[in-house]
$ cat coords.tsv   # TSV, N, CA and C atoms
chain	number	residue	atom	x	y	z
A	1	MET	N	-23.40	36.00	48.36
A	1	MET	CA	-23.19	36.01	46.92
A	1	MET	C	-24.11	37.05	46.29
A	2	THR	N	-23.55	37.71	45.33
A	2	THR	CA	-24.32	38.74	44.65
A	2	THR	C	-25.05	38.14	43.46
A	3	ARG	N	-26.03	38.86	43.01
A	3	ARG	CA	-26.80	38.44	41.84
A	3	ARG	C	-25.90	38.31	40.62
A	4	ALA	N	-24.98	39.23	40.45
A	4	ALA	CA	-24.07	39.20	39.30
A	4	ALA	C	-23.19	37.95	39.33
A	5	HIS	N	-22.70	37.61	40.53
A	5	HIS	CA	-21.86	36.43	40.68
A	5	HIS	C	-22.66	35.15	40.38
A	6	LEU	N	-23.88	35.07	40.89
A	6	LEU	CA	-24.74	33.92	40.62
A	6	LEU	C	-25.08	33.83	39.14
A	7	GLN	N	-25.32	34.95	38.51
A	7	GLN	CA	-25.62	34.97	37.08
A	7	GLN	C	-24.41	34.48	36.29
A	8	GLN	N	-23.23	34.88	36.72
A	8	GLN	CA	-21.99	34.45	36.06
A	8	GLN	C	-21.81	32.93	36.20
A	9	GLN	N	-22.06	32.39	37.39
A	9	GLN	CA	-21.97	30.94	37.60
A	9	GLN	C	-23.00	30.20	36.75
A	10	TYR	N	-24.21	30.76	36.70
A	10	TYR	CA	-25.26	30.15	35.89
A	10	TYR	C	-24.84	30.11	34.42
A	11	ASN	N	-24.37	31.23	33.92
A	11	ASN	CA	-23.95	31.30	32.51
A	11	ASN	C	-22.82	30.32	32.22
A	12	SER	N	-21.89	30.21	33.15
A	12	SER	CA	-20.77	29.28	32.98
A	12	SER	C	-21.26	27.84	32.91
A	13	MET	N	-22.15	27.47	33.84
A	13	MET	CA	-22.68	26.11	33.85
A	13	MET	C	-23.56	25.84	32.63
A	14	HIS	N	-24.30	26.84	32.22
A	14	HIS	CA	-25.14	26.69	31.03
A	14	HIS	C	-24.26	26.45	29.80
A	15	GLN	N	-23.15	27.14	29.70
A	15	GLN	CA	-22.21	26.94	28.59
A	15	GLN	C	-21.65	25.52	28.62
A	16	GLN	N	-21.37	25.01	29.82
A	16	GLN	CA	-20.86	23.64	29.95
A	16	GLN	C	-21.92	22.64	29.47
A	17	VAL	N	-23.17	22.88	29.84
A	17	VAL	CA	-24.26	22.00	29.39
A	17	VAL	C	-24.36	22.03	27.87
A	18	LEU	N	-24.34	23.21	27.28
A	18	LEU	CA	-24.43	23.34	25.82
A	18	LEU	C	-23.24	22.65	25.15
A	19	SER	N	-22.07	22.80	25.75
A	19	SER	CA	-20.87	22.16	25.21
A	19	SER	C	-20.99	20.64	25.25
A	20	CYS	N	-21.48	20.11	26.37
A	20	CYS	CA	-21.68	18.66	26.50
A	20	CYS	C	-22.72	18.15	25.51
A	21	GLN	N	-23.78	18.92	25.31
A	21	GLN	CA	-24.81	18.53	24.36
A	21	GLN	C	-24.25	18.50	22.93
A	22	ALA	N	-23.46	19.50	22.60
A	22	ALA	CA	-22.86	19.55	21.26
A	22	ALA	C	-21.90	18.38	21.06
A	23	GLU	N	-21.11	18.08	22.10
A	23	GLU	CA	-20.19	16.95	22.01
A	23	GLU	C	-20.97	15.65	21.87
A	24	SER	N	-22.06	15.53	22.62
A	24	SER	CA	-22.89	14.32	22.53
A	24	SER	C	-23.46	14.14	21.12
A	25	ARG	N	-23.95	15.22	20.53
A	25	ARG	CA	-24.48	15.14	19.15
A	25	ARG	C	-23.40	14.71	18.18
A	26	SER	N	-22.21	15.27	18.34
A	26	SER	CA	-21.09	14.91	17.46
A	26	SER	C	-20.72	13.43	17.63
A	27	LEU	N	-20.67	12.98	18.86
A	27	LEU	CA	-20.34	11.57	19.12
A	27	LEU	C	-21.41	10.64	18.58
A	28	GLU	N	-22.67	11.04	18.69
A	28	GLU	CA	-23.76	10.22	18.15
A	28	GLU	C	-23.66	10.10	16.63
A	29	GLU	N	-23.28	11.19	15.96
A	29	GLU	CA	-23.08	11.15	14.51
A	29	GLU	C	-21.92	10.23	14.15
A	30	GLN	N	-20.84	10.32	14.90
A	30	GLN	CA	-19.69	9.45	14.65
A	30	GLN	C	-20.05	7.99	14.89
A	31	LEU	N	-20.82	7.75	15.94
A	31	LEU	CA	-21.26	6.39	16.23
A	31	LEU	C	-22.11	5.83	15.10
A	32	GLU	N	-23.01	6.63	14.59
A	32	GLU	CA	-23.86	6.19	13.49
A	32	GLU	C	-23.01	5.81	12.27
A	33	PHE	N	-22.01	6.61	11.98
A	33	PHE	CA	-21.12	6.33	10.86
A	33	PHE	C	-20.38	5.00	11.06
A	34	VAL	N	-19.82	4.81	12.26
A	34	VAL	CA	-19.08	3.59	12.57
A	34	VAL	C	-20.01	2.37	12.47
A	35	ARG	N	-21.22	2.50	12.98
A	35	ARG	CA	-22.17	1.38	12.94
A	35	ARG	C	-22.55	1.03	11.50
A	36	GLU	N	-22.73	2.04	10.67
A	36	GLU	CA	-23.04	1.79	9.26
A	36	GLU	C	-21.90	1.05	8.58
A	37	LYS	N	-20.67	1.48	8.84
A	37	LYS	CA	-19.50	0.84	8.22
A	37	LYS	C	-19.33	-0.59	8.74
A	38	LYS	N	-19.65	-0.79	10.00
A	38	LYS	CA	-19.56	-2.14	10.57
A	38	LYS	C	-20.54	-3.07	9.88
A	39	GLU	N	-21.77	-2.60	9.65
A	39	GLU	CA	-22.77	-3.42	8.96
A	39	GLU	C	-22.36	-3.69	7.52
A	40	GLU	N	-21.79	-2.68	6.85
A	40	GLU	CA	-21.31	-2.88	5.48
A	40	GLU	C	-20.22	-3.93	5.43
A	41	LEU	N	-19.29	-3.88	6.39
A	41	LEU	CA	-18.21	-4.87	6.42
A	41	LEU	C	-18.73	-6.27	6.71
A	42	LYS	N	-19.72	-6.38	7.59
A	42	LYS	CA	-20.31	-7.68	7.87
A	42	LYS	C	-20.93	-8.27	6.61
A	43	SER	N	-21.63	-7.43	5.87
A	43	SER	CA	-22.24	-7.87	4.63
A	43	SER	C	-21.18	-8.29	3.62
A	44	LEU	N	-20.13	-7.50	3.52
A	44	LEU	CA	-19.03	-7.80	2.61
A	44	LEU	C	-18.37	-9.13	2.99
A	45	LYS	N	-18.17	-9.33	4.28
A	45	LYS	CA	-17.57	-10.58	4.76
A	45	LYS	C	-18.44	-11.77	4.35
A	46	ASN	N	-19.75	-11.65	4.54
A	46	ASN	CA	-20.65	-12.74	4.14
A	46	ASN	C	-20.59	-13.00	2.64
A	47	ASP	N	-20.49	-11.92	1.86
A	47	ASP	CA	-20.37	-12.09	0.40
A	47	ASP	C	-19.10	-12.85	0.03
A	48	PHE	N	-17.99	-12.50	0.67
A	48	PHE	CA	-16.74	-13.18	0.36
A	48	PHE	C	-16.75	-14.63	0.83
A	49	LYS	N	-17.39	-14.90	1.96
A	49	LYS	CA	-17.52	-16.29	2.41
A	49	LYS	C	-18.32	-17.09	1.39
A	50	THR	N	-19.39	-16.48	0.88
A	50	THR	CA	-20.20	-17.14	-0.14
A	50	THR	C	-19.39	-17.37	-1.41
A	51	ASN	N	-18.63	-16.37	-1.82
A	51	ASN	CA	-17.79	-16.51	-3.01
A	51	ASN	C	-16.75	-17.61	-2.84
A	52	LYS	N	-16.19	-17.70	-1.64
A	52	LYS	CA	-15.20	-18.76	-1.38
A	52	LYS	C	-15.87	-20.13	-1.49
A	53	GLN	N	-17.06	-20.26	-0.91
A	53	GLN	CA	-17.78	-21.53	-1.00
A	53	GLN	C	-18.14	-21.85	-2.45
A	54	ASP	N	-18.57	-20.83	-3.19
A	54	ASP	CA	-18.92	-21.03	-4.60
A	54	ASP	C	-17.71	-21.48	-5.42
A	55	ALA	N	-16.56	-20.88	-5.16
A	55	ALA	CA	-15.35	-21.26	-5.89
A	55	ALA	C	-14.98	-22.71	-5.57
A	56	THR	N	-15.15	-23.11	-4.34
A	56	THR	CA	-14.88	-24.50	-3.96
A	56	THR	C	-15.87	-25.43	-4.64
A	57	LEU	N	-17.14	-25.01	-4.70
A	57	LEU	CA	-18.15	-25.85	-5.36
A	57	LEU	C	-17.89	-25.98	-6.86
A	58	VAL	N	-17.42	-24.92	-7.48
A	58	VAL	CA	-17.08	-24.99	-8.91
A	58	VAL	C	-16.00	-26.02	-9.12
A	59	ASP	N	-14.97	-25.98	-8.28
A	59	ASP	CA	-13.89	-26.96	-8.40
A	59	ASP	C	-14.41	-28.37	-8.16
A	60	LEU	N	-15.27	-28.52	-7.17
A	60	LEU	CA	-15.83	-29.84	-6.86
A	60	LEU	C	-16.68	-30.34	-8.03
A	61	SER	N	-17.48	-29.47	-8.62
A	61	SER	CA	-18.33	-29.91	-9.74
A	61	SER	C	-17.49	-30.29	-10.96
A	62	ILE	N	-16.37	-29.60	-11.15
A	62	ILE	CA	-15.48	-29.97	-12.25
A	62	ILE	C	-14.89	-31.35	-11.98
A	63	SER	N	-14.50	-31.60	-10.73
A	63	SER	CA	-13.93	-32.91	-10.38
A	63	SER	C	-14.96	-34.01	-10.52
A	64	ILE	N	-16.21	-33.72	-10.13
A	64	ILE	CA	-17.26	-34.74	-10.20
A	64	ILE	C	-17.59	-35.07	-11.65
A	65	MET	N	-17.62	-34.07	-12.51
A	65	MET	CA	-17.96	-34.30	-13.91
A	65	MET	C	-16.82	-34.97	-14.65
A	66	GLN	N	-15.67	-35.00	-14.03
A	66	GLN	CA	-14.49	-35.59	-14.65
A	66	GLN	C	-14.08	-34.85	-15.93
A	67	TRP	N	-14.49	-33.59	-16.01
A	67	TRP	CA	-14.08	-32.81	-17.16
A	67	TRP	C	-12.74	-32.18	-16.83
A	68	ARG	N	-11.82	-32.38	-17.71
A	68	ARG	CA	-10.50	-31.80	-17.49
A	68	ARG	C	-9.93	-31.40	-18.85
A	69	GLY	N	-9.75	-30.10	-19.00
A	69	GLY	CA	-9.14	-29.61	-20.22
A	69	GLY	C	-7.64	-29.87	-20.20
A	70	SER	N	-6.97	-29.47	-21.24
A	70	SER	CA	-5.54	-29.75	-21.34
A	70	SER	C	-4.72	-29.01	-20.28
A	71	ASN	N	-5.23	-27.89	-19.77
A	71	ASN	CA	-4.49	-27.13	-18.76
A	71	ASN	C	-4.96	-27.39	-17.34
A	72	TYR	N	-5.89	-28.32	-17.18
A	72	TYR	CA	-6.46	-28.57	-15.85
A	72	TYR	C	-5.37	-28.93	-14.84
A	73	GLY	N	-4.53	-29.86	-15.19
A	73	GLY	CA	-3.48	-30.31	-14.28
A	73	GLY	C	-2.49	-29.21	-13.95
A	74	LEU	N	-2.26	-28.31	-14.91
A	74	LEU	CA	-1.28	-27.24	-14.67
A	74	LEU	C	-1.80	-26.19	-13.68
A	75	TYR	N	-3.10	-25.91	-13.73
A	75	TYR	CA	-3.62	-24.77	-12.99
A	75	TYR	C	-4.53	-25.12	-11.81
A	76	HIS	N	-5.00	-26.35	-11.74
A	76	HIS	CA	-5.96	-26.71	-10.71
A	76	HIS	C	-5.44	-26.46	-9.29
A	77	ASP	N	-4.31	-27.07	-8.95
A	77	ASP	CA	-3.79	-26.94	-7.59
A	77	ASP	C	-3.45	-25.49	-7.25
A	78	GLU	N	-2.93	-24.77	-8.23
A	78	GLU	CA	-2.61	-23.37	-7.99
A	78	GLU	C	-3.88	-22.54	-7.77
A	79	TYR	N	-4.92	-22.84	-8.52
A	79	TYR	CA	-6.20	-22.15	-8.36
A	79	TYR	C	-6.74	-22.36	-6.95
A	80	ILE	N	-6.77	-23.60	-6.53
A	80	ILE	CA	-7.32	-23.91	-5.21
A	80	ILE	C	-6.47	-23.26	-4.12
A	81	ARG	N	-5.17	-23.43	-4.20
A	81	ARG	CA	-4.29	-22.89	-3.17
A	81	ARG	C	-4.29	-21.36	-3.18
A	82	ASP	N	-4.15	-20.77	-4.34
A	82	ASP	CA	-3.99	-19.32	-4.44
A	82	ASP	C	-5.30	-18.57	-4.19
A	83	LEU	N	-6.33	-18.91	-4.91
A	83	LEU	CA	-7.58	-18.16	-4.81
A	83	LEU	C	-8.41	-18.58	-3.60
A	84	VAL	N	-8.74	-19.83	-3.53
A	84	VAL	CA	-9.68	-20.28	-2.51
A	84	VAL	C	-9.04	-20.29	-1.13
A	85	ASN	N	-7.88	-20.90	-1.00
A	85	ASN	CA	-7.29	-21.05	0.34
A	85	ASN	C	-6.55	-19.81	0.80
A	86	ASP	N	-5.80	-19.17	-0.09
A	86	ASP	CA	-4.97	-18.04	0.35
A	86	ASP	C	-5.70	-16.70	0.27
A	87	LYS	N	-6.14	-16.33	-0.92
A	87	LYS	CA	-6.68	-14.98	-1.11
A	87	LYS	C	-8.00	-14.75	-0.39
A	88	TYR	N	-8.93	-15.67	-0.53
A	88	TYR	CA	-10.21	-15.50	0.16
A	88	TYR	C	-10.01	-15.55	1.68
A	89	ALA	N	-9.19	-16.48	2.14
A	89	ALA	CA	-8.95	-16.59	3.58
A	89	ALA	C	-8.30	-15.33	4.12
A	90	LYS	N	-7.31	-14.79	3.40
A	90	LYS	CA	-6.63	-13.57	3.84
A	90	LYS	C	-7.60	-12.39	3.84
A	91	LEU	N	-8.40	-12.29	2.80
A	91	LEU	CA	-9.36	-11.20	2.70
A	91	LEU	C	-10.38	-11.25	3.84
A	92	ILE	N	-10.90	-12.42	4.12
A	92	ILE	CA	-11.86	-12.59	5.21
A	92	ILE	C	-11.20	-12.27	6.55
A	93	ASN	N	-9.96	-12.69	6.72
A	93	ASN	CA	-9.21	-12.39	7.94
A	93	ASN	C	-8.99	-10.88	8.09
A	94	ASP	N	-8.64	-10.20	6.99
A	94	ASP	CA	-8.47	-8.75	7.03
A	94	ASP	C	-9.78	-8.04	7.40
A	95	ILE	N	-10.88	-8.53	6.85
A	95	ILE	CA	-12.19	-7.95	7.19
A	95	ILE	C	-12.47	-8.15	8.68
A	96	ASP	N	-12.13	-9.33	9.21
A	96	ASP	CA	-12.32	-9.58	10.64
A	96	ASP	C	-11.53	-8.59	11.49
A	97	HIS	N	-10.29	-8.32	11.10
A	97	HIS	CA	-9.47	-7.35	11.84
A	97	HIS	C	-10.10	-5.96	11.79
A	98	ASN	N	-10.60	-5.59	10.62
A	98	ASN	CA	-11.25	-4.28	10.49
A	98	ASN	C	-12.55	-4.23	11.30
A	99	LEU	N	-13.29	-5.32	11.32
A	99	LEU	CA	-14.50	-5.37	12.15
A	99	LEU	C	-14.15	-5.21	13.63
A	100	ASP	N	-13.08	-5.88	14.06
A	100	ASP	CA	-12.65	-5.74	15.45
A	100	ASP	C	-12.28	-4.29	15.76
A	101	ALA	N	-11.60	-3.63	14.82
A	101	ALA	CA	-11.23	-2.23	15.02
A	101	ALA	C	-12.47	-1.35	15.09
A	102	LEU	N	-13.47	-1.63	14.26
A	102	LEU	CA	-14.70	-0.85	14.30
A	102	LEU	C	-15.47	-1.09	15.60
A	103	VAL	N	-15.46	-2.32	16.09
A	103	VAL	CA	-16.11	-2.62	17.37
A	103	VAL	C	-15.42	-1.83	18.49
A	104	THR	N	-14.08	-1.82	18.46
A	104	THR	CA	-13.32	-1.07	19.47
A	104	THR	C	-13.64	0.42	19.38
A	105	GLU	N	-13.69	0.96	18.18
A	105	GLU	CA	-13.99	2.39	18.01
A	105	GLU	C	-15.43	2.69	18.44
A	106	GLU	N	-16.35	1.79	18.12
A	106	GLU	CA	-17.74	1.98	18.52
A	106	GLU	C	-17.84	2.05	20.05
A	107	ARG	N	-17.17	1.15	20.73
A	107	ARG	CA	-17.21	1.16	22.20
A	107	ARG	C	-16.52	2.39	22.77
A	108	ARG	N	-15.42	2.83	22.14
A	108	ARG	CA	-14.73	4.03	22.61
A	108	ARG	C	-15.65	5.24	22.52
A	109	LEU	N	-16.34	5.37	21.40
A	109	LEU	CA	-17.26	6.50	21.23
A	109	LEU	C	-18.44	6.40	22.19
A	110	GLU	N	-18.96	5.19	22.37
A	110	GLU	CA	-20.07	5.02	23.32
A	110	GLU	C	-19.61	5.38	24.73
A	111	ASN	N	-18.42	4.95	25.09
A	111	ASN	CA	-17.91	5.26	26.43
A	111	ASN	C	-17.69	6.76	26.62
A	112	LYS	N	-17.21	7.41	25.58
A	112	LYS	CA	-17.03	8.86	25.66
A	112	LYS	C	-18.39	9.55	25.83
A	113	LEU	N	-19.38	9.05	25.11
A	113	LEU	CA	-20.73	9.59	25.24
A	113	LEU	C	-21.28	9.34	26.65
A	114	LEU	N	-20.99	8.17	27.18
A	114	LEU	CA	-21.47	7.84	28.52
A	114	LEU	C	-20.76	8.62	29.62
A	115	ASP	N	-19.58	9.13	29.33
A	115	ASP	CA	-18.86	9.97	30.30
A	115	ASP	C	-19.70	11.15	30.74
A	116	ASN	N	-20.55	11.63	29.85
A	116	ASN	CA	-21.41	12.78	30.17
A	116	ASN	C	-22.58	12.40	31.07
A	117	GLN	N	-22.73	11.11	31.37
A	117	GLN	CA	-23.91	10.66	32.11
A	117	GLN	C	-23.61	10.26	33.56
A	118	GLY	N	-22.47	10.60	34.09
A	118	GLY	CA	-22.18	10.36	35.50
A	118	GLY	C	-22.01	8.89	35.84
A	119	LEU	N	-22.43	8.49	37.03
A	119	LEU	CA	-22.24	7.14	37.56
A	119	LEU	C	-22.91	6.09	36.68
A	120	ILE	N	-24.12	6.33	36.25
A	120	ILE	CA	-24.80	5.36	35.38
A	120	ILE	C	-24.01	5.17	34.09
A	121	GLY	N	-23.48	6.25	33.56
A	121	GLY	CA	-22.66	6.17	32.36
A	121	GLY	C	-21.41	5.32	32.58
A	122	ARG	N	-20.77	5.46	33.73
A	122	ARG	CA	-19.58	4.67	34.02
A	122	ARG	C	-19.91	3.19	34.17
A	123	LEU	N	-21.06	2.88	34.76
A	123	LEU	CA	-21.48	1.48	34.86
A	123	LEU	C	-21.74	0.91	33.46
A	124	ARG	N	-22.37	1.72	32.61
A	124	ARG	CA	-22.63	1.27	31.24
A	124	ARG	C	-21.33	1.09	30.47
A	125	GLN	N	-20.30	1.86	30.80
A	125	GLN	CA	-19.00	1.68	30.16
A	125	GLN	C	-18.46	0.28	30.44
A	126	GLY	N	-18.61	-0.17	31.68
A	126	GLY	CA	-18.18	-1.52	32.03
A	126	GLY	C	-18.94	-2.57	31.24
A	127	LEU	N	-20.24	-2.37	31.10
A	127	LEU	CA	-21.05	-3.29	30.30
A	127	LEU	C	-20.63	-3.24	28.83
A	128	ASN	N	-20.30	-2.05	28.34
A	128	ASN	CA	-19.84	-1.91	26.96
A	128	ASN	C	-18.58	-2.70	26.71
A	129	TRP	N	-17.66	-2.66	27.65
A	129	TRP	CA	-16.40	-3.38	27.48
A	129	TRP	C	-16.67	-4.88	27.36
A	130	ILE	N	-17.52	-5.40	28.24
A	130	ILE	CA	-17.85	-6.82	28.21
A	130	ILE	C	-18.53	-7.18	26.89
A	131	THR	N	-19.46	-6.33	26.45
A	131	THR	CA	-20.16	-6.56	25.18
A	131	THR	C	-19.18	-6.57	24.02
A	132	SER	N	-18.23	-5.64	24.04
A	132	SER	CA	-17.24	-5.55	22.98
A	132	SER	C	-16.41	-6.83	22.89
A	133	GLU	N	-15.95	-7.32	24.02
A	133	GLU	CA	-15.14	-8.54	24.02
A	133	GLU	C	-15.94	-9.74	23.54
A	134	ILE	N	-17.21	-9.83	23.93
A	134	ILE	CA	-18.06	-10.93	23.46
A	134	ILE	C	-18.26	-10.84	21.96
A	135	GLU	N	-18.51	-9.62	21.46
A	135	GLU	CA	-18.74	-9.43	20.03
A	135	GLU	C	-17.50	-9.79	19.22
A	136	LYS	N	-16.32	-9.44	19.73
A	136	LYS	CA	-15.09	-9.79	19.03
A	136	LYS	C	-14.87	-11.29	18.99
A	137	LEU	N	-15.22	-11.97	20.08
A	137	LEU	CA	-15.08	-13.43	20.10
A	137	LEU	C	-16.04	-14.10	19.12
A	138	ALA	N	-17.24	-13.54	18.99
A	138	ALA	CA	-18.24	-14.11	18.10
A	138	ALA	C	-18.01	-13.75	16.65
A	139	ASN	N	-17.16	-12.79	16.38
A	139	ASN	CA	-16.91	-12.28	15.03
A	139	ASN	C	-16.29	-13.34	14.14
$ encode --input "coords.tsv" --output "structure tokens"
Amino acid sequence: MTRAHLQQQYNSMHQQVLSCQAESRSLEEQLEFVREKKEELKSLKNDFKTNKQDATLVDLSISIMQWRGSNYGLYHDEYIRDLVNDKYAKLINDIDHNLDALVTEERRLENKLLDNQGLIGRLRQGLNWITSEIEKLAN
């Protein structure tokens, strides 16, 4: 092998390393974004769960006080069914689906990042999959 040929191989491999590093930085930025959005959604979900509980408590306190205005009978059941049972439940369920999608995307990006790390990266990909499934079940 000539010096020129070895230099060409070196330059080619160096470019591949730089390319992998750039891809890794990009994936890390995307991962950070997904993780931030996941935390925001978790917080939002907790807020809506609290709001649902508060709405139920308001209804319970009205029932306990035995205060009933002239429209209480007309709107009470609809309020409970529509707002508390249907809308809050649907909203929380939609947030859960979005959280699951973010968990899946987070693992996909992590696995892509781990692809650059050879055998250890592939083993970590398997661990990531298991972690993802556990997190979705706990969600």
$ closest_residue --input "coords.tsv" --among "A:Leu6, A:Ala89, A:Leu99, A:Glu105" --to "Gln30 in chain A" --atoms "all atoms listed in the file"
A:Glu105
$ closest_residue --input "coords.tsv" --among "A:Gln125, A:Asn98, A:Asn116, A:Gln53" --to "Val84 in chain A" --atoms "only C-alpha atoms"
A:Gln53
$ residues_around --input "coords.tsv" --residues "Leu83 in chain A" --least-positions-apart "5" --cutoff "9 Å" --atoms "only C-alpha atoms" --output "PyMOL selection string"
chain A and resi 52+55+78+88-89
$ select_by_dssp --input "coords.tsv" --residues "range 80-126 of chain A" --states "alpha helix (DSSP H)" --output "ChimeraX atom specification"
/A:88-115,118-126
$ write_last_selection --input "coords.tsv" --atoms "N, CA and C atoms" --output "mmCIF file, in the coordinates of the input"
data_model
loop_
_atom_site.group_PDB
_atom_site.id
_atom_site.type_symbol
_atom_site.label_atom_id
_atom_site.label_comp_id
_atom_site.auth_asym_id
_atom_site.auth_seq_id
_atom_site.Cartn_x
_atom_site.Cartn_y
_atom_site.Cartn_z
ATOM 1 N N TYR A 88 -8.930 -15.670 -0.530
ATOM 2 C CA TYR A 88 -10.210 -15.500 0.160
ATOM 3 C C TYR A 88 -10.010 -15.550 1.680
ATOM 4 N N ALA A 89 -9.190 -16.480 2.140
ATOM 5 C CA ALA A 89 -8.950 -16.590 3.580
ATOM 6 C C ALA A 89 -8.300 -15.330 4.120
ATOM 7 N N LYS A 90 -7.310 -14.790 3.400
ATOM 8 C CA LYS A 90 -6.630 -13.570 3.840
ATOM 9 C C LYS A 90 -7.600 -12.390 3.840
ATOM 10 N N LEU A 91 -8.400 -12.290 2.800
ATOM 11 C CA LEU A 91 -9.360 -11.200 2.700
ATOM 12 C C LEU A 91 -10.380 -11.250 3.840
ATOM 13 N N ILE A 92 -10.900 -12.420 4.120
ATOM 14 C CA ILE A 92 -11.860 -12.590 5.210
ATOM 15 C C ILE A 92 -11.200 -12.270 6.550
ATOM 16 N N ASN A 93 -9.960 -12.690 6.720
ATOM 17 C CA ASN A 93 -9.210 -12.390 7.940
ATOM 18 C C ASN A 93 -8.990 -10.880 8.090
ATOM 19 N N ASP A 94 -8.640 -10.200 6.990
ATOM 20 C CA ASP A 94 -8.470 -8.750 7.030
ATOM 21 C C ASP A 94 -9.780 -8.040 7.400
ATOM 22 N N ILE A 95 -10.880 -8.530 6.850
ATOM 23 C CA ILE A 95 -12.190 -7.950 7.190
ATOM 24 C C ILE A 95 -12.470 -8.150 8.680
ATOM 25 N N ASP A 96 -12.130 -9.330 9.210
ATOM 26 C CA ASP A 96 -12.320 -9.580 10.640
ATOM 27 C C ASP A 96 -11.530 -8.590 11.490
ATOM 28 N N HIS A 97 -10.290 -8.320 11.100
ATOM 29 C CA HIS A 97 -9.470 -7.350 11.840
ATOM 30 C C HIS A 97 -10.100 -5.960 11.790
ATOM 31 N N ASN A 98 -10.600 -5.590 10.620
ATOM 32 C CA ASN A 98 -11.250 -4.280 10.490
ATOM 33 C C ASN A 98 -12.550 -4.230 11.300
ATOM 34 N N LEU A 99 -13.290 -5.320 11.320
ATOM 35 C CA LEU A 99 -14.500 -5.370 12.150
ATOM 36 C C LEU A 99 -14.150 -5.210 13.630
ATOM 37 N N ASP A 100 -13.080 -5.880 14.060
ATOM 38 C CA ASP A 100 -12.650 -5.740 15.450
ATOM 39 C C ASP A 100 -12.280 -4.290 15.760
ATOM 40 N N ALA A 101 -11.600 -3.630 14.820
ATOM 41 C CA ALA A 101 -11.230 -2.230 15.020
ATOM 42 C C ALA A 101 -12.470 -1.350 15.090
ATOM 43 N N LEU A 102 -13.470 -1.630 14.260
ATOM 44 C CA LEU A 102 -14.700 -0.850 14.300
ATOM 45 C C LEU A 102 -15.470 -1.090 15.600
ATOM 46 N N VAL A 103 -15.460 -2.320 16.090
ATOM 47 C CA VAL A 103 -16.110 -2.620 17.370
ATOM 48 C C VAL A 103 -15.420 -1.830 18.490
ATOM 49 N N THR A 104 -14.080 -1.820 18.460
ATOM 50 C CA THR A 104 -13.320 -1.070 19.470
ATOM 51 C C THR A 104 -13.640 0.420 19.380
ATOM 52 N N GLU A 105 -13.690 0.960 18.180
ATOM 53 C CA GLU A 105 -13.990 2.390 18.010
ATOM 54 C C GLU A 105 -15.430 2.690 18.440
ATOM 55 N N GLU A 106 -16.350 1.790 18.120
ATOM 56 C CA GLU A 106 -17.740 1.980 18.520
ATOM 57 C C GLU A 106 -17.840 2.050 20.050
ATOM 58 N N ARG A 107 -17.170 1.150 20.730
ATOM 59 C CA ARG A 107 -17.210 1.160 22.200
ATOM 60 C C ARG A 107 -16.520 2.390 22.770
ATOM 61 N N ARG A 108 -15.420 2.830 22.140
ATOM 62 C CA ARG A 108 -14.730 4.030 22.610
ATOM 63 C C ARG A 108 -15.650 5.240 22.520
ATOM 64 N N LEU A 109 -16.340 5.370 21.400
ATOM 65 C CA LEU A 109 -17.260 6.500 21.230
ATOM 66 C C LEU A 109 -18.440 6.400 22.190
ATOM 67 N N GLU A 110 -18.960 5.190 22.370
ATOM 68 C CA GLU A 110 -20.070 5.020 23.320
ATOM 69 C C GLU A 110 -19.610 5.380 24.730
ATOM 70 N N ASN A 111 -18.420 4.950 25.090
ATOM 71 C CA ASN A 111 -17.910 5.260 26.430
ATOM 72 C C ASN A 111 -17.690 6.760 26.620
ATOM 73 N N LYS A 112 -17.210 7.410 25.580
ATOM 74 C CA LYS A 112 -17.030 8.860 25.660
ATOM 75 C C LYS A 112 -18.390 9.550 25.830
ATOM 76 N N LEU A 113 -19.380 9.050 25.110
ATOM 77 C CA LEU A 113 -20.730 9.590 25.240
ATOM 78 C C LEU A 113 -21.280 9.340 26.650
ATOM 79 N N LEU A 114 -20.990 8.170 27.180
ATOM 80 C CA LEU A 114 -21.470 7.840 28.520
ATOM 81 C C LEU A 114 -20.760 8.620 29.620
ATOM 82 N N ASP A 115 -19.580 9.130 29.330
ATOM 83 C CA ASP A 115 -18.860 9.970 30.300
ATOM 84 C C ASP A 115 -19.700 11.150 30.740
ATOM 85 N N GLY A 118 -22.470 10.600 34.090
ATOM 86 C CA GLY A 118 -22.180 10.360 35.500
ATOM 87 C C GLY A 118 -22.010 8.890 35.840
ATOM 88 N N LEU A 119 -22.430 8.490 37.030
ATOM 89 C CA LEU A 119 -22.240 7.140 37.560
ATOM 90 C C LEU A 119 -22.910 6.090 36.680
ATOM 91 N N ILE A 120 -24.120 6.330 36.250
ATOM 92 C CA ILE A 120 -24.800 5.360 35.380
ATOM 93 C C ILE A 120 -24.010 5.170 34.090
ATOM 94 N N GLY A 121 -23.480 6.250 33.560
ATOM 95 C CA GLY A 121 -22.660 6.170 32.360
ATOM 96 C C GLY A 121 -21.410 5.320 32.580
ATOM 97 N N ARG A 122 -20.770 5.460 33.730
ATOM 98 C CA ARG A 122 -19.580 4.670 34.020
ATOM 99 C C ARG A 122 -19.910 3.190 34.170
ATOM 100 N N LEU A 123 -21.060 2.880 34.760
ATOM 101 C CA LEU A 123 -21.480 1.480 34.860
ATOM 102 C C LEU A 123 -21.740 0.910 33.460
ATOM 103 N N ARG A 124 -22.370 1.720 32.610
ATOM 104 C CA ARG A 124 -22.630 1.270 31.240
ATOM 105 C C ARG A 124 -21.330 1.090 30.470
ATOM 106 N N GLN A 125 -20.300 1.860 30.800
ATOM 107 C CA GLN A 125 -19.000 1.680 30.160
ATOM 108 C C GLN A 125 -18.460 0.280 30.440
ATOM 109 N N GLY A 126 -18.610 -0.170 31.680
ATOM 110 C CA GLY A 126 -18.180 -1.520 32.030
ATOM 111 C C GLY A 126 -18.940 -2.570 31.240
#
$ atom_distance --input "coords.tsv" --atom1 "CA of Arg35 in chain A" --atom2 "CA of Leu102 in chain A"
7.9 Å
$ residues_around --input "coords.tsv" --residues "Lys136 in chain A" --least-positions-apart "6" --cutoff "8 Å" --atoms "all atoms listed in the file" --output "VMD selection string"
chain A and resid 99 to 100 103 130
$ atom_distance --input "coords.tsv" --atom1 "atom C of His14 in chain A" --atom2 "atom N of Arg108 in chain A"
26.4 Å
